[in-house]
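S.K.: Dropping a structure here in structure tokens format, bear with me for questions.
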Amino acid sequence: MNETIRELLAKLGNLPVAVTELEDGADLYAAGLSSFASVQLMLGLEEAFDIEFPDNLLNRKSFASISAIEQTVSHILKAKEAA
Amino acid sequence: MSLAAVATDMSLGARAHRVARVAADFADSVDREGRFPKEAVDAMKAERLLGIQIPAAFGGESATTQELAEVCSILGQACAASAMVFAMHQIKVSSLVEHGAESEWHRDFMRELCARQFLVASATTEAGIGGNLRNSICAIEIDGDTCRLEKDATVISYGAHADAIMVTSRARADAAPGDQVMTVFRKSQYTLEKTVDWDTLGMRGTCSDGFIFKGEAPAAQVFPKPFAEIAAQSMLASSHLLWSAVWYGIAADAVLRAQAFVRAAARKAGGSQPPGALRLAETSNLLQLLKANILSGLRAYEDAKADPDQLSSMAFSIAMNNVKLASSETILTIINQAMIICGIMGYKNGTPYSLGRHLRDAHSAQLMISNDRILGNTSTMLLVQKPDTSLLG
């Protein structure tokens with residue numbers, strides 16, 4: 001999952017730095033992730049993992065770092081399995 | 001208690017109305033001469049309105065956003081430029097209140113602001129950023145305990161008349177454009193070199209000239225939180241809500257003038273319905289919609305304040321954007337209707353029904369943060385956020 005997220009971030013994140021240089025916990029907003037790019041990333045994640053972000057997870061915190069995105073996506077996948 | 005104190009109503013509403021009377025007296029000269037509304041701002045200081053939002057623990061009155069909005073609306077009915085200066089000051093103070101309480105310097109500054117009734121301005125706009133205040137080109141230089149900043153600020157509203165300015169910049173020389181901090185500079189810690197004159201259609205008294213800002217201050221004056229958080233959690237909502245309250249005030253005064261015109265005509269008409277009466281009814285309907293829209297935004301903000309996740313959620317941003325879009329557009333329709341009702345008496349300056357200043361001031365609303373930019377922003381969020389279809393929220 002980490003790899004897919006990194007690929008999408010490189011493709012859609014429009015970051016001024018290389019994604020390979022970012023640690024999992026690095027603050028993506030400080031690295032230059034714009035709100036527009038974060039929405040594009042969200043759409044990419046929905047497509048890649050066949051999920052839909054519920055409204056309560058559509059906030060800055062869910063996309064603050066690569067590990068935060070991993071957590072958010074795993075959380076949604078788990079909820080989907082349980083349903 | 002002295003007799004004078006017994007005779008003077010010290011409620012927030014009464015104090016705001018006293019300031020509004022002063023503001024109304026000078027509104028036309030402020031507009032005509034494009035000058036700072038000094039009399040009104042001095043009256044705000046005398047009535048101690050500048051620190052009301054600050055928590056009582058730091059010397060203020062813990063005024064809520066709803067109370068601030070009410071003051072903005074009262075002042076907006078008298079002089080839109082004075083009201084907007086008050087609103088913009090309170091938006092800066094909201095950043096202090098929401099994000100400065102953990103820092104000793106910012107706590108002390110809040111105490112001093114209350115005691116000495118400081119007027120605080122904002123320098124978020126910069127040449128070359130294309131109007132997006134979430135990007136900076138200039139970077140703050142931290143050198144031990146000192147910070148230095150130079151900014152080509154194309155707009156600093158009432159910059160020349162403020163006691164302090166809050167300035168955004170990149171956090172370091174190598175930071176991305178969106179990695180910003182905000183710093184408070186006191187008047188004695190900066191110089192301003194005027195570069196652009198504020199000679200505009202309306203809102204002429206905000207004196208939003210452009211300046212080259214050069215400041216040096218103790219590094220403790222940098223806000224401890226990133227500006228991205230400040231913008232999302234206190235600036236977005238308080239700007240849209242307090243601006244809307246000012247605009248509501250302009251529109252409400254226009255409707256009041258139109259109603260006075262229709263009543264005067266009705267008295268002369270001897271029983272028959274004067275022209276304009278029906279249009280007045282329509283206009284009062286729009287004013288009520290405008291009011292309901294702002295009130296629901298104010299309530300949503302009070303609810304969201306308790307929950308930082310909700311404050312930074314897309315649903316909340318969309319709601320605040322919608323408040324701003326609707327109020328900035330509706331006031332133009334309302335004031336235009338009022339002018340059709342008052343006819344040539346509304347079009348002329350210097351009559352009791354004059355609406356030229358109202359209309360010109362109101363035209364700024366769509367432009368201060370362009371509605372097109374806000375629509376673009378909302379449309380991006382609507383790619384993922386599902387609209388809230390419940391009636392009660």
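Chain labels follow the order of the structure tokens: the first chain is A, the next B, and so on; residue numbering restarts at 1 in every chain, and ligands are counted from 1 in their shown order.
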Give me the residues within 8 Å of A:Ala26 as a PyMOL selection string, counting only C-alpha atoms and dropping any in the same chain fewer than 4 places off.
M.R.: chain A and resi 22+31+65-66
S.K.: Report as a PyMOL selection string all protein, DNA and RNA residues lying within 6 Å of B:Ser169, evaluated on only C-alpha atoms, omitting residues in the same chain fewer than 5 positions from it.
M.R.: chain B and resi 136+138-139+180-181
S.K.: Could you go through stretch 74-306 of chain B and tell me which residues DSSP, when run on the backbone, assigns to strand (DSSP E or B), listing them as number ranges by chain?
M.R.: B: 120-123, 139, 141-143, 146-153, 164-170, 180-186, 190-196, 210-218, 222
S.K.: Restrict the distance test to only C-alpha atoms, flag each residue of chain A within 6 Å of chain B, and return the flagged residues as a VMD selection string.
M.R.: chain A and resid 30 32 58 to 59
S.K.: Show me, as a list in words, the residues that have an atom within 9 Å of A:Glu52 when counting only C-alpha atoms, minus same-chain residues fewer than 3 positions from it.
M.R.: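 My reading of the contact set: Leu43, Leu45, Glu46, Glu47, Phe49 and Ile76 of chain A; Val384 of chain B.
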S.K.: Go ahead and write the selection's residues with N, CA and C atoms as an mmCIF file, in the first residue's frame.
M.R.:
data_model
loop_
_atom_site.group_PDB
_atom_site.id
_atom_site.type_symbol
_atom_site.label_atom_id
_atom_site.label_comp_id
_atom_site.auth_asym_id
_atom_site.auth_seq_id
_atom_site.Cartn_x
_atom_site.Cartn_y
_atom_site.Cartn_z
ATOM 1 N N LEU A 43 -8.894 11.433 -5.102
ATOM 2 C CA LEU A 43 -9.615 10.759 -6.190
ATOM 3 C C LEU A 43 -8.796 9.579 -6.710
ATOM 4 N N LEU A 45 -6.649 7.801 -5.007
ATOM 5 C CA LEU A 45 -6.699 6.736 -4.001
ATOM 6 C C LEU A 45 -8.032 5.991 -4.078
ATOM 7 N N GLU A 46 -9.113 6.736 -4.264
ATOM 8 C CA GLU A 46 -10.437 6.102 -4.366
ATOM 9 C C GLU A 46 -10.459 5.121 -5.525
ATOM 10 N N GLU A 47 -9.845 5.538 -6.644
ATOM 11 C CA GLU A 47 -9.811 4.700 -7.847
ATOM 12 C C GLU A 47 -8.915 3.473 -7.608
ATOM 13 N N PHE A 49 -7.836 1.984 -4.833
ATOM 14 C CA PHE A 49 -8.217 1.025 -3.779
ATOM 15 C C PHE A 49 -9.704 0.677 -3.809
ATOM 16 N N ILE A 76 -10.572 2.707 6.112
ATOM 17 C CA ILE A 76 -11.729 2.603 5.221
ATOM 18 C C ILE A 76 -11.865 1.173 4.689
ATOM 19 N N VAL B 384 -15.052 15.502 -4.246
ATOM 20 C CA VAL B 384 -15.051 14.381 -3.303
ATOM 21 C C VAL B 384 -16.080 14.529 -2.187
#
S.K.: Can you list, as a PyMOL selection string, all residues belonging to chain A that DSSP tags as helix (DSSP H, G or I)?
M.R.: chain A and resi 2-12+19-21+35-49+55-57+60-63+66-82
S.K.: Kindly save the residues from that selection, with N, CA and C atoms included, as a short mmCIF file (atom, residue, chain, number, x, y, z; two decimals), in the first residue's frame.
M.R.:
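Now in again_17.cif:
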data_model
loop_
_atom_site.label_atom_id
_atom_site.label_comp_id
_atom_site.auth_asym_id
_atom_site.auth_seq_id
_atom_site.Cartn_x
_atom_site.Cartn_y
_atom_site.Cartn_z
N ASN A 2 1.94 1.22 0.82
CA ASN A 2 2.84 2.36 0.91
C ASN A 2 3.36 2.75 -0.47
N GLU A 3 3.69 1.72 -1.27
CA GLU A 3 4.25 1.97 -2.60
C GLU A 3 3.22 2.63 -3.52
N THR A 4 1.99 2.10 -3.48
CA THR A 4 0.92 2.67 -4.31
C THR A 4 0.69 4.14 -3.94
N ILE A 5 0.65 4.40 -2.63
CA ILE A 5 0.42 5.77 -2.18
C ILE A 5 1.55 6.67 -2.68
N ARG A 6 2.78 6.18 -2.58
CA ARG A 6 3.91 6.99 -3.05
C ARG A 6 3.85 7.24 -4.56
N GLU A 7 3.44 6.20 -5.30
CA GLU A 7 3.31 6.37 -6.76
C GLU A 7 2.27 7.45 -7.09
N LEU A 8 1.11 7.37 -6.40
CA LEU A 8 0.04 8.33 -6.66
C LEU A 8 0.47 9.74 -6.26
N LEU A 9 1.19 9.81 -5.15
CA LEU A 9 1.66 11.11 -4.66
C LEU A 9 2.62 11.73 -5.67
N ALA A 10 3.48 10.89 -6.26
CA ALA A 10 4.43 11.40 -7.25
C ALA A 10 3.68 11.87 -8.49
N LYS A 11 2.61 11.12 -8.85
CA LYS A 11 1.89 11.44 -10.08
C LYS A 11 0.95 12.64 -9.90
N LEU A 12 0.28 12.71 -8.73
CA LEU A 12 -0.80 13.69 -8.56
C LEU A 12 -0.48 14.80 -7.56
N VAL A 19 9.31 12.49 -4.20
CA VAL A 19 8.59 11.72 -3.18
C VAL A 19 9.53 10.74 -2.48
N THR A 20 10.55 10.25 -3.22
CA THR A 20 11.48 9.30 -2.61
C THR A 20 12.25 9.93 -1.45
N GLU A 21 12.34 11.24 -1.45
CA GLU A 21 13.08 11.91 -0.37
C GLU A 21 12.23 12.14 0.87
N SER A 35 -4.19 22.26 -1.69
CA SER A 35 -5.49 21.64 -1.42
C SER A 35 -6.04 21.02 -2.71
N PHE A 36 -5.74 21.66 -3.86
CA PHE A 36 -6.20 21.08 -5.13
C PHE A 36 -5.54 19.71 -5.36
N ALA A 37 -4.21 19.65 -5.15
CA ALA A 37 -3.50 18.40 -5.37
C ALA A 37 -3.98 17.33 -4.38
N SER A 38 -4.34 17.75 -3.16
CA SER A 38 -4.77 16.75 -2.19
C SER A 38 -6.10 16.12 -2.62
N VAL A 39 -6.95 16.92 -3.28
CA VAL A 39 -8.20 16.36 -3.80
C VAL A 39 -7.92 15.39 -4.94
N GLN A 40 -6.99 15.77 -5.83
CA GLN A 40 -6.63 14.88 -6.94
C GLN A 40 -6.07 13.56 -6.40
N LEU A 41 -5.26 13.68 -5.35
CA LEU A 41 -4.68 12.49 -4.72
C LEU A 41 -5.78 11.61 -4.13
N MET A 42 -6.75 12.27 -3.49
CA MET A 42 -7.87 11.56 -2.90
C MET A 42 -8.64 10.77 -3.96
N LEU A 43 -8.89 11.43 -5.10
CA LEU A 43 -9.61 10.76 -6.19
C LEU A 43 -8.80 9.58 -6.71
N GLY A 44 -7.47 9.78 -6.80
CA GLY A 44 -6.59 8.70 -7.25
C GLY A 44 -6.64 7.52 -6.31
N LEU A 45 -6.65 7.80 -5.01
CA LEU A 45 -6.70 6.74 -4.00
C LEU A 45 -8.03 5.99 -4.08
N GLU A 46 -9.11 6.74 -4.26
CA GLU A 46 -10.44 6.10 -4.37
C GLU A 46 -10.46 5.12 -5.52
N GLU A 47 -9.85 5.54 -6.64
CA GLU A 47 -9.81 4.70 -7.85
C GLU A 47 -8.92 3.47 -7.61
N ALA A 48 -7.72 3.72 -7.05
CA ALA A 48 -6.74 2.64 -6.89
C ALA A 48 -7.20 1.58 -5.90
N PHE A 49 -7.84 1.98 -4.83
CA PHE A 49 -8.22 1.02 -3.78
C PHE A 49 -9.70 0.68 -3.81
N ASP A 55 -17.25 11.53 4.53
CA ASP A 55 -17.07 12.96 4.80
C ASP A 55 -16.25 13.24 6.06
N ASN A 56 -16.41 12.37 7.08
CA ASN A 56 -15.72 12.67 8.34
C ASN A 56 -14.20 12.49 8.23
N LEU A 57 -13.73 11.87 7.14
CA LEU A 57 -12.28 11.74 6.98
C LEU A 57 -11.71 12.73 5.97
N ARG A 60 -7.73 17.85 6.79
CA ARG A 60 -6.29 17.98 6.60
C ARG A 60 -5.53 16.84 7.25
N LYS A 61 -6.02 16.40 8.42
CA LYS A 61 -5.29 15.41 9.20
C LYS A 61 -5.12 14.10 8.43
N SER A 62 -6.18 13.70 7.71
CA SER A 62 -6.15 12.41 7.00
C SER A 62 -5.06 12.37 5.94
N PHE A 63 -4.65 13.54 5.46
CA PHE A 63 -3.68 13.59 4.36
C PHE A 63 -2.39 14.29 4.77
N ILE A 66 2.39 10.55 4.59
CA ILE A 66 2.18 9.27 3.91
C ILE A 66 1.61 8.24 4.90
N SER A 67 2.14 8.24 6.14
CA SER A 67 1.60 7.25 7.08
C SER A 67 0.17 7.59 7.49
N ALA A 68 -0.18 8.89 7.53
CA ALA A 68 -1.57 9.25 7.84
C ALA A 68 -2.50 8.75 6.73
N ILE A 69 -2.06 8.87 5.48
CA ILE A 69 -2.87 8.39 4.36
C ILE A 69 -3.03 6.87 4.46
N GLU A 70 -1.91 6.18 4.79
CA GLU A 70 -1.97 4.72 4.94
C GLU A 70 -3.00 4.33 5.99
N GLN A 71 -2.95 5.04 7.11
CA GLN A 71 -3.90 4.75 8.19
C GLN A 71 -5.33 4.97 7.74
N THR A 72 -5.55 6.13 7.07
CA THR A 72 -6.90 6.46 6.62
C THR A 72 -7.42 5.40 5.66
N VAL A 73 -6.58 5.03 4.67
CA VAL A 73 -7.02 4.05 3.68
C VAL A 73 -7.28 2.69 4.35
N SER A 74 -6.38 2.26 5.25
CA SER A 74 -6.59 0.96 5.93
C SER A 74 -7.88 0.98 6.72
N HIS A 75 -8.12 2.11 7.37
CA HIS A 75 -9.34 2.26 8.18
C HIS A 75 -10.58 2.07 7.30
N ILE A 76 -10.57 2.71 6.11
CA ILE A 76 -11.73 2.60 5.22
C ILE A 76 -11.86 1.17 4.69
N LEU A 77 -10.70 0.55 4.35
CA LEU A 77 -10.75 -0.81 3.82
C LEU A 77 -11.31 -1.77 4.86
N LYS A 78 -10.89 -1.57 6.13
CA LYS A 78 -11.37 -2.45 7.21
C LYS A 78 -12.88 -2.29 7.39
N ALA A 79 -13.32 -1.04 7.38
CA ALA A 79 -14.76 -0.77 7.55
C ALA A 79 -15.54 -1.40 6.41
N LYS A 80 -14.92 -1.41 5.21
CA LYS A 80 -15.59 -1.97 4.03
C LYS A 80 -15.73 -3.50 4.18
N GLU A 81 -14.62 -4.14 4.66
CA GLU A 81 -14.65 -5.58 4.86
C GLU A 81 -15.71 -5.97 5.88
N ALA A 82 -15.78 -5.18 6.95
CA ALA A 82 -16.71 -5.48 8.03
C ALA A 82 -18.15 -5.35 7.56
#
S.K.: Taking only C-alpha atoms into account, name the residue in B:Val167, B:Ile142, B:Leu113, B:Ile334 that is nearest to B:Leu287.
M.R.: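 Nearest candidate to B:Leu287 out of B:Val167, B:Ile142, B:Leu113, B:Ile334: B:Ile334.
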S.K.: One number please: atom CA of A:Leu33 to atom CA of A:Asn14, in Å, one decimal.
M.R.: 7.0 Å
S.K.: What lies within 7 Å of stretch 148-162 of chain B using only C-alpha atoms, ignoring chain neighbours under 5 positions off, as a list of chain:residue names?
M.R.: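 Returned residues: B:Leu119, B:Val120, B:Ala121, B:Ser122, B:Ala123, B:Thr125, B:Glu126, B:Ala127, B:Cys138, B:Ala139, B:Ile140, B:Glu141, B:Ile142, B:Val196, B:Thr206, B:Cys207, B:Ser208, B:Asp209, B:Gly210, B:Phe211, B:Ile212, B:Phe213, B:Lys214, B:Gly215, B:Glu216, B:Ala217.
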S.K.: What lies within 8 Å of stretch 64-75 of chain B using only C-alpha atoms, ignoring chain neighbours under 6 positions off, as a list of chain:residue names?
M.R.: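 Contacts, with the query itself left out: B:Leu12, B:Gly13, B:Ala16, B:His17, B:Val19, B:Ala20, B:Ala23, B:Gln53, B:Ser82, B:Ala83, B:Met84, B:Phe86, B:Ala87, B:Gln90, B:Ser238, B:Leu241, B:Leu242, B:Trp243, B:Ala245, B:Val246, B:Trp247, B:Tyr248, B:Gly249, B:Ile250, B:Leu298, B:Glu302.
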